Each structure stands twice: as structure tokens, then as C-alpha cells.
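Visitor: One file: upload-v2.tsv (TSV, C-alpha atoms).
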```tsv
chain	number	residue	atom	x	y	z
A	1	MET	CA	26.80	99.82	35.47
A	2	ASP	CA	25.05	96.69	34.18
A	3	ARG	CA	26.21	93.17	34.90
A	4	GLN	CA	28.03	92.81	31.54
A	5	ASP	CA	30.20	95.83	32.33
A	6	SER	CA	30.88	94.54	35.84
A	7	LEU	CA	32.46	91.47	34.30
A	8	THR	CA	34.58	93.32	31.78
A	9	ASP	CA	35.60	96.64	33.31
A	10	SER	CA	36.61	95.46	36.80
A	11	PRO	CA	40.27	95.34	37.91
A	12	ARG	CA	40.16	91.56	37.44
A	13	SER	CA	39.22	91.97	33.77
A	14	GLY	CA	41.66	90.70	31.21
A	15	GLY	CA	39.93	91.75	27.99
A	16	GLY	CA	37.85	94.38	26.27
A	17	ILE	CA	34.37	95.56	27.15
A	18	SER	CA	32.56	93.54	24.47
A	19	THR	CA	33.20	90.08	25.89
A	20	PRO	CA	33.44	88.55	29.38
A	21	ARG	CA	36.95	88.68	30.83
A	22	SER	CA	37.24	84.88	31.10
A	23	PRO	CA	35.41	81.62	30.34
A	24	GLU	CA	34.52	81.47	34.05
A	25	ALA	CA	33.01	84.95	33.91
A	26	LYS	CA	31.00	83.94	30.85
A	27	LEU	CA	29.68	81.00	32.81
A	28	GLY	CA	28.82	83.36	35.65
A	29	LEU	CA	26.72	85.44	33.26
A	30	ARG	CA	24.83	82.31	32.31
A	31	VAL	CA	24.06	81.67	35.99
A	32	GLU	CA	22.95	85.32	36.26
A	33	ASP	CA	20.49	84.91	33.39
A	34	LEU	CA	19.02	81.84	35.08
A	35	TRP	CA	18.94	83.65	38.44
A	36	ASP	CA	16.84	86.47	36.96
A	37	ILE	CA	14.07	84.13	35.80
A	38	GLN	CA	13.74	82.11	39.01
A	39	GLN	CA	10.42	82.19	40.82
A	40	PRO	CA	10.38	85.09	43.32
A	41	GLN	CA	9.11	82.96	46.20
A	42	LEU	CA	12.27	80.81	46.15
A	43	SER	CA	14.94	81.48	48.75
A	44	PRO	CA	18.41	82.54	47.51
A	45	SER	CA	19.70	79.04	48.28
A	46	GLU	CA	16.89	77.43	46.31
A	47	LYS	CA	17.53	79.80	43.42
A	48	LEU	CA	21.20	78.83	43.28
A	49	ASN	CA	20.31	75.14	43.40
A	50	SER	CA	17.90	75.60	40.50
A	51	CYS	CA	20.46	77.56	38.47
A	52	PHE	CA	23.21	74.99	38.92
A	53	GLU	CA	20.82	72.11	38.20
A	54	SER	CA	20.15	73.72	34.80
A	55	ILE	CA	23.79	73.73	33.62
A	56	ALA	CA	25.65	70.62	32.39
A	57	VAL	CA	29.22	69.98	33.53
A	58	SER	CA	30.25	69.91	29.87
A	59	SER	CA	30.04	73.74	30.13
A	60	PHE	CA	32.73	73.95	32.81
A	61	PRO	CA	35.81	75.70	31.37
A	62	ILE	CA	38.77	73.52	30.49
A	63	ASN	CA	42.14	74.77	31.68
A	64	PRO	CA	44.30	75.61	28.61
A	65	SER	CA	47.12	73.50	30.06
A	66	PHE	CA	44.79	70.60	30.89
A	67	LYS	CA	46.27	67.18	30.24
A	68	VAL	CA	45.27	63.84	31.69
A	69	ILE	CA	48.27	62.38	33.51
A	70	GLU	CA	48.14	58.61	33.76
A	71	ILE	CA	50.33	56.24	35.74
A	72	ASN	CA	50.59	52.70	34.44
A	73	SER	CA	49.57	50.02	36.91
A	74	ASP	CA	52.98	48.32	36.47
A	75	SER	CA	54.94	51.49	37.30
A	76	SER	CA	57.17	51.35	40.36
A	77	LEU	CA	56.35	53.44	43.41
A	78	ALA	CA	59.52	55.43	42.77
A	79	ASP	CA	58.39	56.23	39.22
A	80	ALA	CA	54.89	57.12	40.42
A	81	VAL	CA	56.26	59.58	42.99
A	82	GLN	CA	58.49	61.19	40.38
A	83	ILE	CA	55.59	61.57	37.92
A	84	LEU	CA	53.36	63.14	40.55
A	85	SER	CA	56.10	65.48	41.80
A	86	ARG	CA	57.16	66.52	38.29
A	87	HIS	CA	53.61	67.49	37.36
A	88	LYS	CA	52.90	68.97	40.81
A	89	LEU	CA	49.99	66.59	41.34
A	90	LEU	CA	48.58	65.05	44.50
A	91	SER	CA	47.04	62.13	42.64
A	92	ALA	CA	46.73	60.60	39.19
A	93	ILE	CA	44.61	58.08	37.35
A	94	VAL	CA	46.04	54.55	37.23
A	95	ARG	CA	45.77	52.92	33.81
A	96	ASN	CA	45.32	49.15	33.76
A	97	VAL	CA	48.08	47.94	31.42
A	98	GLU	CA	46.31	44.61	31.04
A	99	ALA	CA	43.17	46.20	29.59
A	100	PRO	CA	42.77	46.04	25.78
A	101	GLU	CA	43.04	49.23	23.75
A	102	ASP	CA	39.32	49.25	23.02
A	103	ALA	CA	38.32	48.81	26.68
A	104	SER	CA	35.67	51.08	28.13
A	105	TRP	CA	36.87	53.77	30.50
A	106	ILE	CA	35.66	51.84	33.55
A	107	ASP	CA	37.86	48.85	32.55
A	108	ARG	CA	40.71	51.00	31.30
A	109	TYR	CA	41.38	52.59	34.69
A	110	ASN	CA	42.02	50.90	38.04
A	111	GLY	CA	41.38	53.97	40.17
A	112	ILE	CA	43.24	57.01	41.45
A	113	VAL	CA	46.49	56.70	43.37
A	114	GLU	CA	47.43	59.42	45.85
A	115	LEU	CA	50.91	60.62	46.72
A	116	GLN	CA	49.93	60.70	50.36
A	117	GLY	CA	48.63	57.12	50.14
A	118	ILE	CA	51.96	55.90	48.78
A	119	VAL	CA	53.81	57.52	51.67
A	120	VAL	CA	51.46	56.10	54.28
A	121	TRP	CA	51.73	52.64	52.74
A	122	LEU	CA	55.54	52.80	52.66
A	123	LEU	CA	55.68	53.91	56.26
A	124	HIS	CA	53.34	51.11	57.28
A	125	GLN	CA	55.62	48.59	55.59
A	126	SER	CA	58.69	50.17	57.17
A	127	GLU	CA	57.40	50.59	60.71
A	128	VAL	CA	58.81	47.33	62.03
A	129	THR	CA	62.19	48.17	60.53
A	130	ALA	CA	62.11	51.61	62.14
A	131	LEU	CA	61.24	50.21	65.53
A	132	LYS	CA	63.86	47.45	65.32
A	133	MET	CA	66.55	50.00	64.49
A	134	ARG	CA	65.83	51.85	67.72
A	135	PRO	CA	67.96	50.42	70.56
A	136	THR	CA	65.05	50.41	73.03
A	137	ALA	CA	62.28	49.39	70.66
A	138	THR	CA	60.44	46.13	70.24
A	139	ALA	CA	58.85	44.77	67.11
A	140	GLY	CA	55.36	45.58	68.34
A	141	ALA	CA	53.24	48.62	67.63
A	142	ASN	CA	55.06	50.53	70.37
A	143	GLY	CA	58.55	50.44	71.79
A	144	GLU	CA	59.43	49.72	75.40
A	145	ASN	CA	59.08	53.39	76.19
A	146	GLY	CA	55.69	53.64	74.48
A	147	CYS	CA	57.24	55.01	71.31
A	148	SER	CA	54.81	55.23	68.40
A	149	VAL	CA	55.81	54.48	64.83
A	150	PRO	CA	55.93	58.15	63.79
A	151	GLU	CA	58.14	58.90	66.81
A	152	ALA	CA	60.42	55.97	66.01
A	153	VAL	CA	60.84	57.07	62.41
A	154	ALA	CA	61.26	60.72	63.33
A	155	SER	CA	63.99	59.93	65.83
A	156	MET	CA	66.03	58.33	63.05
A	157	GLY	CA	66.32	61.64	61.22
A	158	GLY	CA	66.70	62.20	57.50
A	159	SER	CA	68.78	59.06	57.00
A	160	PHE	CA	65.62	56.99	57.25
A	161	PHE	CA	64.09	58.60	54.16
A	162	GLU	CA	67.33	58.48	52.18
A	163	THR	CA	67.60	54.77	52.96
A	164	LEU	CA	63.96	54.16	52.10
A	165	THR	CA	64.05	55.96	48.74
A	166	SER	CA	67.25	54.19	47.67
A	167	SER	CA	65.96	50.72	48.57
A	168	ASP	CA	65.05	48.03	46.05
A	169	PHE	CA	61.76	47.72	47.88
A	170	TYR	CA	60.82	51.27	46.88
A	171	LYS	CA	62.12	50.90	43.32
A	172	THR	CA	60.57	47.53	42.50
A	173	THR	CA	57.17	47.57	44.23
A	174	LYS	CA	54.53	48.36	41.59
A	175	VAL	CA	51.53	50.61	41.92
A	176	GLN	CA	49.21	47.67	41.30
A	177	ASP	CA	50.85	45.79	44.20
A	178	ILE	CA	49.57	48.28	46.75
A	179	SER	CA	46.02	48.67	45.47
A	180	GLY	CA	44.62	46.50	48.25
A	181	SER	CA	46.86	47.80	51.01
A	182	PHE	CA	45.53	51.33	51.45
A	183	ARG	CA	42.36	53.15	50.58
A	184	TRP	CA	42.47	54.39	47.02
A	185	ALA	CA	40.86	57.71	46.32
A	186	PRO	CA	37.31	57.04	45.13
A	187	PHE	CA	37.21	56.95	41.34
A	188	LEU	CA	33.89	58.53	40.47
A	189	ALA	CA	33.51	60.05	37.02
A	190	LEU	CA	30.90	62.49	35.80
A	191	GLN	CA	29.16	62.19	32.47
A	192	LYS	CA	29.09	65.32	30.34
A	193	SER	CA	25.32	65.56	30.84
A	194	ASP	CA	25.55	65.59	34.65
A	195	THR	CA	24.73	68.93	36.24
A	196	PHE	CA	26.68	71.54	38.11
A	197	LEU	CA	24.61	70.81	41.21
A	198	THR	CA	25.71	67.17	41.12
A	199	MET	CA	29.32	68.23	40.67
A	200	LEU	CA	29.22	70.82	43.48
A	201	LEU	CA	27.65	68.37	45.93
A	202	LEU	CA	30.24	65.70	45.12
A	203	LEU	CA	33.09	68.16	45.64
A	204	SER	CA	31.71	69.38	48.96
A	205	LYS	CA	29.39	67.13	50.92
A	206	TYR	CA	30.78	63.94	49.41
A	207	LYS	CA	34.42	65.02	49.82
A	208	MET	CA	35.66	64.38	46.28
A	209	LYS	CA	38.74	66.47	45.59
A	210	SER	CA	38.55	66.06	41.82
A	211	LEU	CA	36.06	64.68	39.32
A	212	PRO	CA	36.93	63.40	35.83
A	213	VAL	CA	34.36	64.25	33.16
A	214	VAL	CA	33.99	61.31	30.78
A	215	ASP	CA	32.77	61.20	27.20
A	216	LEU	CA	30.99	57.85	27.20
A	217	GLY	CA	30.91	57.72	23.41
A	218	GLU	CA	34.66	58.09	22.98
A	219	GLY	CA	35.61	56.67	26.37
A	220	ASN	CA	37.92	59.64	26.96
A	221	ILE	CA	38.36	61.95	29.94
A	222	ASP	CA	37.49	65.41	28.61
A	223	ASN	CA	38.10	67.43	31.75
A	224	ILE	CA	38.95	67.14	35.43
A	225	ILE	CA	37.05	69.51	37.73
A	226	THR	CA	38.68	70.25	41.06
A	227	GLN	CA	37.69	72.16	44.18
A	228	SER	CA	40.29	74.79	43.25
A	229	SER	CA	38.84	75.30	39.77
A	230	VAL	CA	35.35	75.82	41.24
A	231	VAL	CA	36.62	78.43	43.70
A	232	HIS	CA	38.45	80.14	40.82
A	233	MET	CA	35.17	80.24	38.90
A	234	LEU	CA	33.50	81.88	41.90
A	235	ALA	CA	36.28	84.46	42.11
A	236	GLU	CA	35.65	85.36	38.48
A	237	CYS	CA	31.96	85.97	39.23
A	238	VAL	CA	32.55	88.87	41.62
A	239	GLY	CA	30.20	91.72	40.71
A	240	LEU	CA	27.29	89.56	39.57
A	241	HIS	CA	24.05	89.91	41.52
A	242	TRP	CA	23.70	86.18	42.24
A	243	PHE	CA	27.23	86.03	43.57
A	244	GLU	CA	27.09	89.25	45.56
A	245	SER	CA	23.84	88.23	47.28
A	246	TRP	CA	25.75	85.29	48.73
A	247	GLY	CA	29.35	86.52	48.69
A	248	THR	CA	28.76	89.57	50.89
A	249	LYS	CA	27.66	87.45	53.85
A	250	LYS	CA	29.98	87.25	56.85
A	251	LEU	CA	31.69	83.96	57.59
A	252	LYS	CA	30.06	83.66	61.00
A	253	ASP	CA	26.61	84.17	59.46
A	254	LEU	CA	27.25	81.25	57.09
A	255	GLY	CA	28.32	78.99	59.92
A	256	LEU	CA	32.02	79.20	59.11
A	257	PRO	CA	34.33	77.87	60.29
A	258	ILE	CA	32.39	74.63	60.54
A	259	MET	CA	34.68	72.94	63.08
A	260	LYS	CA	34.76	74.21	66.66
A	261	PRO	CA	38.17	75.42	67.95
A	262	HIS	CA	38.61	72.51	70.39
A	263	LYS	CA	38.08	70.01	67.56
A	264	LEU	CA	40.59	71.61	65.20
A	265	ILE	CA	43.02	68.98	63.93
A	266	LYS	CA	46.58	70.19	64.42
A	267	VAL	CA	50.10	69.14	65.36
A	268	TYR	CA	52.47	70.85	67.76
A	269	GLU	CA	55.82	72.05	66.52
A	270	ASP	CA	57.79	69.44	68.48
A	271	GLU	CA	55.72	66.45	67.28
A	272	PRO	CA	56.90	64.15	64.46
A	273	VAL	CA	55.96	65.44	61.03
A	274	LEU	CA	54.78	61.93	60.16
A	275	LYS	CA	52.00	62.40	62.67
A	276	ALA	CA	50.74	65.30	60.56
A	277	PHE	CA	50.57	63.21	57.39
A	278	LYS	CA	48.97	60.25	59.12
A	279	LEU	CA	46.34	62.55	60.61
A	280	MET	CA	45.60	63.96	57.18
A	281	ARG	CA	45.13	60.47	55.82
A	282	GLU	CA	43.02	59.22	58.74
A	283	LYS	CA	40.83	62.33	58.90
A	284	ARG	CA	40.73	62.77	55.09
A	285	ILE	CA	41.83	66.40	55.24
A	286	GLY	CA	44.19	68.28	52.96
A	287	GLY	CA	46.28	70.10	55.54
A	288	LEU	CA	46.65	71.21	59.13
A	289	PRO	CA	48.36	73.91	61.16
A	290	VAL	CA	51.59	73.55	63.10
A	291	VAL	CA	51.04	75.18	66.50
A	292	GLU	CA	53.41	76.53	69.14
A	293	CYS	CA	54.10	74.12	71.99
A	294	ASN	CA	52.69	76.41	74.65
A	295	GLY	CA	49.96	78.33	72.90
A	296	GLN	CA	47.35	78.58	70.18
A	297	LYS	CA	49.34	80.51	67.59
A	298	ALA	CA	50.22	78.72	64.35
A	299	ILE	CA	53.77	78.89	63.02
A	300	GLY	CA	52.99	77.28	59.69
A	301	ASN	CA	50.83	75.00	57.62
A	302	ILE	CA	51.58	71.50	56.34
A	303	SER	CA	49.51	70.31	53.40
A	304	VAL	CA	49.08	67.01	51.61
A	305	ARG	CA	51.14	68.42	48.75
A	306	ASP	CA	54.15	68.80	51.06
A	307	VAL	CA	54.37	65.03	51.47
A	308	GLN	CA	56.34	65.00	48.21
A	309	PHE	CA	59.34	66.41	50.09
A	310	LEU	CA	59.61	63.24	52.18
A	311	LEU	CA	60.25	61.06	49.14
A	312	ALA	CA	61.28	63.37	46.30
A	313	ALA	CA	63.87	65.34	48.29
A	314	PRO	CA	64.95	63.25	51.31
A	315	GLU	CA	68.43	64.75	51.27
A	316	ILE	CA	67.17	68.00	52.79
A	317	TYR	CA	66.75	66.30	56.20
A	318	LYS	CA	70.14	64.63	56.47
A	319	ASP	CA	71.45	67.13	59.04
A	320	TYR	CA	68.47	66.74	61.37
A	321	ARG	CA	68.60	64.36	64.31
A	322	SER	CA	64.82	64.18	64.33
A	323	ILE	CA	62.16	65.32	61.87
A	324	THR	CA	59.62	67.26	63.84
A	325	ALA	CA	56.90	69.39	62.31
A	326	LYS	CA	58.98	72.51	62.96
A	327	SER	CA	62.21	71.08	61.50
A	328	PHE	CA	60.24	69.87	58.48
A	329	LEU	CA	58.93	73.38	57.84
A	330	THR	CA	62.42	74.84	58.27
A	331	ALA	CA	64.06	72.29	55.95
A	332	VAL	CA	61.46	72.64	53.21
A	333	ARG	CA	61.51	76.43	53.34
A	334	ASN	CA	65.30	76.46	53.04
A	335	HIS	CA	65.09	73.97	50.15
A	336	LEU	CA	62.52	76.11	48.31
A	337	LYS	CA	64.65	79.23	48.75
A	338	GLU	CA	67.73	77.46	47.43
A	339	GLN	CA	65.80	76.15	44.43
A	340	GLN	CA	64.16	79.58	43.98
A	341	GLU	CA	60.74	77.95	43.84
A	342	ALA	CA	57.60	79.92	44.58
A	343	SER	CA	55.45	78.29	47.22
A	344	PRO	CA	52.68	79.25	49.68
A	345	MET	CA	54.94	77.81	52.39
A	346	LEU	CA	57.26	80.78	51.94
A	347	ARG	CA	54.50	83.35	52.37
A	348	GLY	CA	53.63	82.59	55.97
A	349	MET	CA	50.19	81.90	57.40
A	350	ILE	CA	47.21	83.11	55.40
A	351	THR	CA	44.48	84.10	57.85
A	352	CYS	CA	41.07	85.74	58.14
A	353	ARG	CA	38.55	86.75	60.82
A	354	LYS	CA	35.00	85.53	61.46
A	355	ASP	CA	33.67	88.98	60.55
A	356	ASP	CA	35.21	88.84	57.06
A	357	ILE	CA	32.84	88.29	54.14
A	358	ILE	CA	33.08	85.09	52.13
A	359	LYS	CA	33.84	86.98	48.91
A	360	ASP	CA	37.10	88.32	50.35
A	361	VAL	CA	38.08	84.84	51.52
A	362	ILE	CA	37.39	83.39	48.05
A	363	LEU	CA	39.51	86.09	46.40
A	364	LYS	CA	42.34	85.44	48.86
A	365	LEU	CA	42.22	81.64	48.38
A	366	ASP	CA	42.20	82.06	44.60
A	367	SER	CA	44.98	84.65	44.38
A	368	GLU	CA	47.24	82.77	46.80
A	369	LYS	CA	46.48	79.39	45.14
A	370	ILE	CA	45.94	77.73	48.52
A	371	HIS	CA	43.40	75.15	49.70
A	372	ARG	CA	42.62	76.45	53.19
A	373	ILE	CA	42.67	79.61	55.24
A	374	TYR	CA	42.96	79.82	59.02
A	375	VAL	CA	40.55	81.83	61.14
A	376	VAL	CA	42.20	83.76	63.98
A	377	ASP	CA	41.01	86.10	66.73
A	378	ALA	CA	42.29	89.57	67.55
A	379	ASP	CA	45.34	88.04	69.29
A	380	GLU	CA	46.14	85.80	66.30
A	381	ASN	CA	45.07	82.67	68.20
A	382	LEU	CA	43.60	79.92	66.04
A	383	GLU	CA	39.81	79.73	65.97
A	384	GLY	CA	39.32	77.39	63.03
A	385	VAL	CA	40.03	76.60	59.42
A	386	ILE	CA	38.05	77.09	56.21
A	387	SER	CA	38.76	74.79	53.27
A	388	LEU	CA	37.75	74.96	49.62
A	389	ARG	CA	35.23	72.22	50.36
A	390	ASP	CA	33.70	74.32	53.16
A	391	ILE	CA	33.24	77.23	50.74
A	392	ILE	CA	31.49	75.08	48.13
A	393	SER	CA	29.31	73.41	50.77
A	394	LYS	CA	27.80	76.79	51.66
A	395	LEU	CA	26.89	77.53	48.04
A	396	VAL	CA	24.42	74.66	47.47
A	397	HIS	CA	22.40	72.13	49.46
A	398	GLU	CA	21.32	68.59	48.65
A	399	PRO	CA	17.62	68.14	47.92
A	400	ARG	CA	15.99	65.11	49.51
A	401	ASN	CA	16.54	61.90	47.52
A	402	TYR	CA	18.59	63.84	44.99
A	403	PHE	CA	21.09	61.07	44.28
A	404	GLY	CA	18.78	58.07	44.71
A	405	ASP	CA	20.86	54.92	44.07
A	406	PHE	CA	23.67	56.93	42.42
A	407	PHE	CA	26.18	55.86	45.07
A	408	ASP	CA	25.30	52.19	45.38
A	409	GLY	CA	28.60	50.31	45.64
A	410	VAL	CA	30.65	53.39	44.71
A	411	VAL	CA	31.38	55.54	47.75
A	412	PRO	CA	30.13	55.61	51.36
A	413	LEU	CA	27.38	58.10	52.11
A	414	PRO	CA	27.90	60.88	54.66
A	415	ARG	CA	26.07	60.24	57.92
A	416	ASN	CA	23.77	63.20	57.39
A	417	SER	CA	22.95	62.47	53.75
A	418	SER	CA	19.35	63.08	52.78
A	419	SER	CA	19.67	60.22	50.31
A	420	VAL	CA	19.69	57.66	53.12
```
Take the structure from the file and write it as C-alpha cells.
Guide:
Amino acid sequence: MDRQDSLTDSPRSGGGISTPRSPEAKLGLRVEDLWDIQQPQLSPSEKLNSCFESIAVSSFPINPSFKVIEINSDSSLADAVQILSRHKLLSAIVRNVEAPEDASWIDRYNGIVELQGIVVWLLHQSEVTALKMRPTATAGANGENGCSVPEAVASMGGSFFETLTSSDFYKTTKVQDISGSFRWAPFLALQKSDTFLTMLLLLSKYKMKSLPVVDLGEGNIDNIITQSSVVHMLAECVGLHWFESWGTKKLKDLGLPIMKPHKLIKVYEDEPVLKAFKLMREKRIGGLPVVECNGQKAIGNISVRDVQFLLAAPEIYKDYRSITAKSFLTAVRNHLKEQQEASPMLRGMITCRKDDIIKDVILKLDSEKIHRIYVVDADENLEGVISLRDIISKLVHEPRNYFGDFFDGVVPLPRNSSSV
């Protein structure tokens, strides 16, 4: 079977034998053609780098349902949360309402606001109130009993979030009012002529979760490329020689998981759920496991996306005396069942083993529509986590001085960047 048939006759095929099964598969064939003409002395990693450097991001498939969702800078926080929740988004571009209609894209947009950032900012503003409402608390960073802010808020139960989301403070504070109070997601756009290698490095080593592709002539955003869409592209390339030469490697042989078990960021089931979200924000991660109090087995996963349930559905916690990580999982799962909503949270923990090959992990991440998979041992104890970013980071490497002054004044460089 030749490579064209492998992309059309496989179980994942959605069309006839004369054309690739998807735009992503068609793109994979283009990489295959480039792979075949690479110099034989190049290593597989160098070949992939060369292939991806030869393809412009304008070739990346656009999702049929793609639509740029903008939030006006004068929108209230309440409206912003509703927009993000309604469209099932973690973040959105903030449009500067004071910019003229003919403004360039860099003046038209203020940045990207994150749902998680809004929650963290609100909690920061509310921490003194939470501590004051505790009988034994002081107005400082900790109460008399050493109570942290997350613990103080958690001990107040669901009423705290119902009060917060019904307050004038929440309904009248504008998105533009908080721009200097928490770290906005870096707003770094790609030009249509930028390469796949640039895009893949930004989404992995440089920790961008999404990248707008801008048409400088029209000043419009033509596409938004995410980590998820890249992993979906990889899943559609199963069967191609370039993919199989990399995808059949075991996780442990690729250095996955990257983080050692003792450094795994997690929360215990009896800890405040707010601790989980603050850890995500501080560590710039998209999710973490909830672990049994007396063990290393995970009982669930909390992701950045789940932060919407703190503000968009605060009523689901009203019967809880405290909102721990475990009670949060229970409340959200019950809410999803009642609303008959499909969610990865209802499917339990998605796991793999170090001896699994990366192709199988990619297919699992893509089919389950999740952003991370947990690595467990034979006894189901946690050994690590593999994120979408980890997957992409093992596909390409950054050549020395590749970006030059590309990042000057835009985003901080990683400590190990070869551009330094």
C-alpha cells in the first residue's frame, strides 16, 4: 500500500480513495513529499525541522466553524465570563473600543483576556472580604490560625461565589480596568508567511496556547492555530512514513513525561479547589490531578476550562460547607449529568504507561478532546503527566539563533533558549 492509500483507506478515512481523507491529511502528504527529498545524512529530527521550515502557516487548515470571538474592552467582567462560557473558550481577543475603524491590527486589539485570569483577579480583590468574614481571621494575608486565602474562601462554601457573581463589583468592573492587575496572555500573532517551524516552537517551547494568523494587508485575523489543532493534524497523519518514524517511539525513549514524579504539580482531594486554580495560574499549566489524601492515585483532573463553573454556575455549590477539590469534582459532575452535557470530566482519568508509543497517546488525546494524559505505573500510581505542549516539543527543536530579535519586548525567553 502506498502512502496515498494509507491516508484514504484507513479506518480514520472519511472520503473516497482519490483524495486525502481530510485537509490535515493532505498537509501530511505535503510533509511526506518534503521528507522524501531531504538529504540522507540528516537525522530524523533535522529532516522534520527542514520540512516544517518549508511550509507557511497560511497552509494550516481552517476549522469550518472558525470564528474570531472578540470581547470589547468596555465589557463588564460578568459579560466577558458569559461570552467565554457560551463559546466554550478559555480566552478571547480584547478589542480596543477606542481604536478607529481603520486602525491596524496591533492598535485594534489590547491583548488576550483569559477566563482563569479573571477568576484569579476577582479572588485577589475579594480576599480581604473573605478573611474578614471568617470569625477568626484578620485582614492580613493569613488568619490567626494561619489560614490562607484559598482556605478562607473555601470554608465559606458556595455562598461566596453566589454573592460574588451577583455583586455590582462583578457586573460593573470592565475588562479594560483589570488589564494592569494580572498577567494578560501574551498576544503574539503570526504573519501568513511565517513557517510551521516557527509556529510549532511558539506553541511548545515558548508556551503559547494559541496563535492568531494575521493578514497584514487586510488587518484581519484569518485563523487561530492552537495546540489541540496541531495534535489533531498529527493524528490525521498516522500511516505516513515521516510520522511513523517518530510516532512509533516509546514515551520513555522520547524523554516523556518530562517532569519527574516528585515535581508533579497536584492537589489533594481535601485541599481547597481554589488552590488548584491558583497553582495553574502561577505555574502556567492547563490542568492538574486531584490525588487521594493518603496515596498517589488520582481521583480526577481539574483543568483551566473548569474554572468557568466557579463563576458561570455558582449555584451548584450552595449545599457544600466547603469547596474542596473533591467536592468541586462531585458538584460539577452532578451538574453535567443533570444538564446532559458531554465532558471529559465524566469519563474518568485518561491514562497511559511509559512503554506506550507516542502515536497511541496522540490518537487518545485527539479522540478524547483532552489537553493532557496522566502516566501511571502498574499499580495505577501517578508517575507524571504529558500535555499537548510536551507532544509538540518532541516533534521539533530550535536551531541556534533561530528567532534572533523576534521576541524583543514581546515575551520572555525560556531559560534554555538558544536565542539568548
Visitor: Would you mind telling me which residue in A:Gly404, A:Ala342, A:His335, A:Arg389 lies nearest to Glu368 of chain A when using all atoms listed in the file?
Guide: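 Using all atoms listed in the file, Glu368 of chain A sits closest to A:Ala342.
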Visitor: Which residues of segment 179-266 of chain A have any atom within 12 Å of an atom in segment 301-324 of chain A when counting only C-alpha atoms, and what is the closest pair of atoms for each, with the distance in Å to one decimal? Order the rows by chain and rising number and write it as JSON lines.
Guide:
```
{"residue": "A:Lys209", "atom": "CA", "partner": "A:Val304", "partner_atom": "CA", "distance": 12.0}
{"residue": "A:Ile265", "atom": "CA", "partner": "A:Asn301", "partner_atom": "CA", "distance": 11.7}
{"residue": "A:Lys266", "atom": "CA", "partner": "A:Asn301", "partner_atom": "CA", "distance": 9.4}
```
Visitor: Keeping C-alpha atoms, export the residues of the selection given above as a PDB file, keeping the file's coordinate frame.
Guide:
```
ATOM      1  CA  LYS A 209      38.740  66.470  45.590  1.00  0.00           C
ATOM      2  CA  ILE A 265      43.020  68.980  63.930  1.00  0.00           C
ATOM      3  CA  LYS A 266      46.580  70.190  64.420  1.00  0.00           C
TER       4      LYS A 266
END
```
Visitor: Kindly provide, as lines of an AutoDock Vina configuration file, the centre and edge lengths (Å, one decimal) of an axis-aligned box around all atoms of segment 92-104 of chain A given in the file, with 6 Å on each side.
Guide:
```
center_x = 41.9
center_y = 52.6
center_z = 31.1
size_x = 24.4
size_y = 28.0
size_z = 28.2
```
Visitor: Could you name the residues that touch segment 246-254 of chain A at 9 Å or less, counting only C-alpha atoms, but leaving out those on the same chain fewer than 5 positions away, as a list in words?
Guide: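 Near neighbours after the sequence-gap exclusion: Pro44, Ser45, Val238, His241, Arg353, Lys354, Asp355, Asp356, Ile357, Ile358, Lys359, Asp360, Val361, Ile362, Lys394 and Leu395 of chain A.
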Visitor: In terms of the shortest atom-to-atom distance over all atoms listed in the file, which of A:Pro344, A:Pro399, A:Pro261, A:Pro100 is closest to Asp366 of chain A?
Guide: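 Closest to Asp366 of chain A, using all atoms listed in the file: A:Pro344.
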Visitor: Find, counting all atoms listed in the file, the residue in A:Leu216, A:Ile350, A:Leu115, A:Leu84 that gets nearest to Ser367 of chain A.
Guide: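 Of A:Leu216, A:Ile350, A:Leu115, A:Leu84, the one nearest Ser367 of chain A, counting all atoms listed in the file, is A:Ile350.
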Visitor: Of the candidates A:Leu365, A:Gln116, A:Val273, A:Ile285, which shows the shortest atom-to-atom distance to Lys326 of chain A, using all atoms listed in the file?
Guide: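 Among the listed residues, the smallest separation from Lys326 of chain A belongs to A:Val273.
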Visitor: Find the residue from A:Gln176, A:Ser327, A:Ser104, A:Asn401 that sits nearest to Gly217 of chain A; use all atoms listed in the file when measuring.
Guide: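 Residue with the minimum atom-to-atom distance to Gly217 of chain A: A:Ser104.
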Visitor: In Å, with one decimal, what is the gap from atom CA of Thr226 of chain A to atom CA of Leu211 of chain A?
Guide: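 Distance reported for this atom pair: 6.4 Å.
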Visitor: Can you pull out every residue within 10 Å of Ser343 of chain A, counting only C-alpha atoms, but drop anything in the same chain fewer than 4 positions away, and send it as a PyMOL selection string?
Guide: chain A and resi 333+336-337+347-348+368-370
Visitor: Which residue is closest to Ser167 of chain A? Choose from A:Leu279, A:Ser393, A:Ile258, A:Leu122 and count all atoms listed in the file.
Guide: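 The shortest atom-to-atom distance to Ser167 of chain A comes from A:Leu122.
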